[in-house]
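The structure appears right after this line, and notes come after that.
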Amino acid sequence: MADTNESVVSQFVLRGLSDSWELQLFFFAIFSTVYVASVLGNIMIIVIISSDSNLNSPMYFLLSNLSFIDICQSNFATPKMLADFLVKHKTISFEGCMAQIFLLHSFVGSEMVLLVAMAYDRFIAICRPLHYSTIMNRRLCITFVSISWAVGIVHSLSPLAFTVRLSFCGHNEIDSFFCDLPMVIELACTDTYKIEVMTLINSGLISLICFLVLIISYITILITVQRRTSGGSSKALSTLTAHITVVILFFGPFIYFYIWPFSRFSIDKYLYVFYIICTPMLNPIIYSLRNEDVKSAMRKLRNRHVNSWKN
């Protein structure tokens with residue numbers, strides 16, 4: 001099951017979501033559908049934005065990059081989880097486990113920064129509309145995306161550099177379907193106090209601060225919008241509602257996991273399922289259903305392909 005000596009673990013055993021074979025087959029069917037819908041939905045967002053000139057604005061450029069991150073997040077652990085539903089013994093190599101931790105925190109860190117950038121975009125568009133095109137230029141948008149990836153990588157490397165040096169003394173069973181920092185750290189047989197504090201600060205407190213900053217920003221924007229009575233304000237409210245919904249769905253579970261990262265509950269792994277598998281699928285649903293421009297672009301793209309097939 002695992003090759004171990006007194007300080008080395010070569011692989012980890014994943015307990016998964018259930019020991020019931022029937023339940024695992026049910027999970028496989030459900031989550032396969034969600035996974036495919038998530039990937040295709042986010043690809044659809046990227047295609048629609050890139051093919052419609054009316055969506056050639058900073059907000060949609062950032063949204064397409066958000067969809068790309070969600071595609072990445074859908075693929076770092078979900079395919080292995082689906083494959084593991086079909087086997088009895090679920091294992092992952094030490095290197096694979098560290099790779100999952102690195103990818104998870106890279107994507108999460110990048111998305112945090114990108115959501116802040118999207119909030120800044122909406123703040124400028126609504127609170128300083130006359131300066132919007134000057135401030136939110138293409139160079140700034142590319143800078144935001146570059147910074148988001150850089151922050152994500154640094155965010156994941158800092159705790160991972162300490163995790164790979166831990167001694168596990170043969171304890172290698174993880175009560176989940178993938179690897180994450182708290183789950184791996186609690187298996188170590190050495191003092192982990194420093195890395196626990198680093199995990200709390202690096203993930204828990206930073207995510208909480210970002211969340212509070214975003215909520216305060218959107219409240220400020222909403223107050224500004226409420227003072228207006230034009231049709232443009234209704235459109236802005238619809239867009240803001242979509243943004244706020246995504247922020248809450250993204251930060252809510254993450255803050256829960258990392259404010260108390262080493263207090264484990266049996267329900268946690270099911271919340272991880274929602275966070276890793278379902279959240280990326282919700283973003284295209286929220287933006288396509290709440291955004292009239294995206295829905296209009298979807299209709300035009302559909303009609304274009306229907307007409308081409310008829311011809």
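Ordered as shown in the structure tokens, chains take letters A, B, and onward, while each chain numbers its residues from 1 and ligands are numbered from 1 in the order shown.
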Close residues, Leu115 of chain A itself excluded, 12 Å, only C-alpha atoms, min 2 positions apart in chain, as a compact mmCIF listing (two decimals) with N, CA, C and O atoms, in the first residue's frame:
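Output below, filename around.txt:
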# COMPACT_ATOMS: atom_id res chain seq x y z
N MET A 59 -13.77 44.21 -18.55
CA MET A 59 -14.52 43.30 -17.68
C MET A 59 -14.57 41.90 -18.27
O MET A 59 -14.38 40.90 -17.58
N LEU A 62 -11.15 40.10 -18.27
CA LEU A 62 -10.90 39.51 -16.96
C LEU A 62 -11.78 38.30 -16.73
O LEU A 62 -11.34 37.30 -16.14
N LEU A 63 -13.03 38.36 -17.18
CA LEU A 63 -13.95 37.24 -17.03
C LEU A 63 -13.46 36.01 -17.79
O LEU A 63 -13.55 34.87 -17.30
N ASN A 65 -10.40 35.26 -18.43
CA ASN A 65 -9.27 34.72 -17.67
C ASN A 65 -9.74 33.99 -16.41
O ASN A 65 -9.14 32.99 -16.01
N LEU A 66 -10.82 34.48 -15.80
CA LEU A 66 -11.42 33.77 -14.67
C LEU A 66 -11.91 32.39 -15.11
O LEU A 66 -11.72 31.40 -14.40
N SER A 67 -12.53 32.31 -16.28
CA SER A 67 -13.00 31.03 -16.80
C SER A 67 -11.83 30.09 -17.07
O SER A 67 -11.93 28.88 -16.84
N ILE A 69 -8.97 30.04 -15.43
CA ILE A 69 -8.54 29.54 -14.12
C ILE A 69 -9.49 28.46 -13.62
O ILE A 69 -9.07 27.44 -13.04
N VAL A 108 -6.12 29.05 -6.71
CA VAL A 108 -6.91 29.82 -5.75
C VAL A 108 -6.31 31.20 -5.54
O VAL A 108 -7.03 32.21 -5.51
N GLY A 109 -4.99 31.27 -5.38
CA GLY A 109 -4.34 32.57 -5.20
C GLY A 109 -4.53 33.46 -6.41
O GLY A 109 -4.79 34.67 -6.28
N SER A 110 -4.44 32.88 -7.62
CA SER A 110 -4.65 33.65 -8.84
C SER A 110 -6.08 34.17 -8.91
O SER A 110 -6.32 35.33 -9.28
N GLU A 111 -7.05 33.32 -8.56
CA GLU A 111 -8.44 33.74 -8.65
C GLU A 111 -8.77 34.83 -7.63
O GLU A 111 -9.57 35.73 -7.92
N MET A 112 -8.15 34.77 -6.45
CA MET A 112 -8.37 35.82 -5.45
C MET A 112 -7.98 37.18 -6.02
O MET A 112 -8.74 38.15 -5.92
N VAL A 113 -6.79 37.25 -6.61
CA VAL A 113 -6.31 38.51 -7.16
C VAL A 113 -7.18 38.95 -8.35
O VAL A 113 -7.49 40.13 -8.50
N ALA A 117 -9.28 42.36 -9.00
CA ALA A 117 -9.14 43.17 -10.22
C ALA A 117 -10.50 43.43 -10.86
O ALA A 117 -10.78 44.54 -11.34
N MET A 118 -11.38 42.44 -10.85
CA MET A 118 -12.72 42.61 -11.41
C MET A 118 -13.54 43.60 -10.58
O MET A 118 -14.33 44.38 -11.13
N ALA A 119 -13.35 43.59 -9.27
CA ALA A 119 -14.03 44.56 -8.42
C ALA A 119 -13.52 45.97 -8.70
O ALA A 119 -14.30 46.94 -8.74
N TYR A 120 -12.20 46.10 -8.90
CA TYR A 120 -11.62 47.41 -9.23
C TYR A 120 -12.16 47.91 -10.57
O TYR A 120 -12.48 49.11 -10.72
N ASP A 121 -12.29 47.01 -11.53
CA ASP A 121 -12.85 47.36 -12.84
C ASP A 121 -14.27 47.91 -12.69
O ASP A 121 -14.62 48.93 -13.29
N ARG A 122 -15.11 47.25 -11.90
CA ARG A 122 -16.49 47.72 -11.69
C ARG A 122 -16.51 49.04 -10.91
O ARG A 122 -17.37 49.90 -11.17
N PHE A 144 -2.82 43.02 -14.50
CA PHE A 144 -3.63 42.36 -13.47
C PHE A 144 -3.54 40.84 -13.59
O PHE A 144 -3.36 40.13 -12.60
N VAL A 145 -3.68 40.34 -14.82
CA VAL A 145 -3.64 38.89 -15.03
C VAL A 145 -2.25 38.33 -14.69
O VAL A 145 -2.14 37.28 -14.04
N SER A 148 -1.83 38.26 -11.01
CA SER A 148 -2.64 37.21 -10.39
C SER A 148 -1.93 35.86 -10.44
O SER A 148 -1.93 35.12 -9.45
N SER A 207 -7.16 35.38 2.77
CA SER A 207 -8.44 35.22 2.08
C SER A 207 -9.55 36.00 2.78
O SER A 207 -10.41 36.59 2.13
N CYS A 210 -9.02 39.72 1.90
CA CYS A 210 -9.45 39.96 0.51
C CYS A 210 -10.96 39.97 0.41
O CYS A 210 -11.55 40.81 -0.29
N PHE A 211 -11.60 39.05 1.10
CA PHE A 211 -13.06 38.96 1.08
C PHE A 211 -13.68 40.23 1.65
O PHE A 211 -14.62 40.80 1.06
N VAL A 213 -12.32 43.22 1.91
CA VAL A 213 -12.04 44.33 0.99
C VAL A 213 -13.01 44.31 -0.19
O VAL A 213 -13.55 45.35 -0.59
N LEU A 214 -13.26 43.12 -0.73
CA LEU A 214 -14.18 43.00 -1.86
C LEU A 214 -15.61 43.38 -1.46
O LEU A 214 -16.29 44.09 -2.20
N ILE A 215 -16.05 42.91 -0.31
CA ILE A 215 -17.40 43.21 0.14
C ILE A 215 -17.57 44.71 0.37
O ILE A 215 -18.58 45.31 -0.04
N SER A 217 -15.85 47.07 -1.06
CA SER A 217 -15.81 47.70 -2.37
C SER A 217 -17.16 47.61 -3.07
O SER A 217 -17.66 48.60 -3.62
N TYR A 218 -17.76 46.43 -3.03
CA TYR A 218 -19.05 46.26 -3.70
C TYR A 218 -20.18 47.01 -2.99
O TYR A 218 -21.12 47.47 -3.64
N ALA A 242 -24.05 39.44 -9.95
CA ALA A 242 -23.30 38.27 -10.42
C ALA A 242 -21.91 38.23 -9.79
O ALA A 242 -21.45 37.18 -9.32
N HIS A 243 -21.23 39.38 -9.75
CA HIS A 243 -19.89 39.44 -9.18
C HIS A 243 -19.92 39.09 -7.70
O HIS A 243 -19.07 38.32 -7.21
N ILE A 244 -20.87 39.65 -6.96
CA ILE A 244 -20.95 39.41 -5.51
C ILE A 244 -21.25 37.95 -5.23
O ILE A 244 -20.69 37.35 -4.30
N THR A 245 -22.12 37.34 -6.03
CA THR A 245 -22.45 35.93 -5.86
C THR A 245 -21.21 35.06 -6.04
O THR A 245 -20.95 34.14 -5.24
N VAL A 246 -20.43 35.34 -7.07
CA VAL A 246 -19.19 34.58 -7.32
C VAL A 246 -18.22 34.76 -6.17
O VAL A 246 -17.58 33.79 -5.71
N VAL A 247 -18.08 35.97 -5.66
CA VAL A 247 -17.16 36.25 -4.55
C VAL A 247 -17.55 35.44 -3.31
O VAL A 247 -16.71 34.81 -2.66
N ILE A 248 -18.84 35.42 -2.98
CA ILE A 248 -19.30 34.70 -1.80
C ILE A 248 -19.10 33.20 -1.97
O ILE A 248 -18.61 32.51 -1.05
N LEU A 249 -19.43 32.66 -3.14
CA LEU A 249 -19.27 31.23 -3.38
C LEU A 249 -17.79 30.82 -3.39
O LEU A 249 -17.45 29.71 -2.99
N PHE A 250 -16.92 31.72 -3.84
CA PHE A 250 -15.50 31.41 -3.89
C PHE A 250 -14.85 31.51 -2.51
O PHE A 250 -14.15 30.60 -2.07
N PHE A 251 -15.08 32.62 -1.82
CA PHE A 251 -14.39 32.87 -0.56
C PHE A 251 -15.01 32.15 0.63
O PHE A 251 -14.30 31.81 1.58
N ASN A 283 -19.79 29.56 -12.00
CA ASN A 283 -19.39 30.85 -12.57
C ASN A 283 -19.99 31.10 -13.95
O ASN A 283 -20.60 32.15 -14.18
Quick one: DSSP alpha helix (DSSP H) residues in segment 13-228 of chain A, as a PyMOL selection string?
chain A and resi 21-51+58-75+78-84+94-127+132-135+138-163+181-185+193-199+206-226
Strand (DSSP E or B) positions in segment 23-201 of chain A, given as a PyMOL selection string:
chain A and resi 91-93+173-174
For the residues selected in the previous step, produce a file with C-alpha atoms as a PDB file, in the first residue's frame.
ATOM      1  CA  THR A  91      -3.450   6.023  -3.796  1.00  0.00           C
ATOM      2  CA  ILE A  92      -1.435   9.022  -4.908  1.00  0.00           C
ATOM      3  CA  SER A  93       2.341   9.348  -5.047  1.00  0.00           C
ATOM      4  CA  GLU A 173      -3.889   7.840   5.057  1.00  0.00           C
ATOM      5  CA  ILE A 174      -5.792  10.982   3.986  1.00  0.00           C
TER       6      ILE A 174
END
Of A:Ser32, A:Ser51, A:Ser57, A:Ser74, the one nearest to Met281 of chain A when counting only C-alpha atoms is A:Ser74
Shortest contact to Leu237 of chain A, candidates A:Ile126, A:Leu23, A:Ile46, A:Ile206, atoms counted only C-alpha atoms, goes to A:Ile126
Could you pull the residues within 12 Å of segment 166-172 of chain A, counting only C-alpha atoms, minus those fewer than 3 positions along the same chain, as a ChimeraX atom specification?
/A:1-15,90-94,97-98,159-163,175-176,179,181,183-195
Between atom CA of Phe102 of chain A and atom CA of Ser18 of chain A lies a distance of 25.6 Å
Gap from atom CA of Cys278 of chain A to atom CA of Val294 of chain A - Å, one decimal:
21.0 Å
Nearest to Gln100 of chain A, chosen from A:Met298, A:Ile43, A:Ile276, A:Leu130, with only C-alpha atoms counted in the distances
A:Ile276
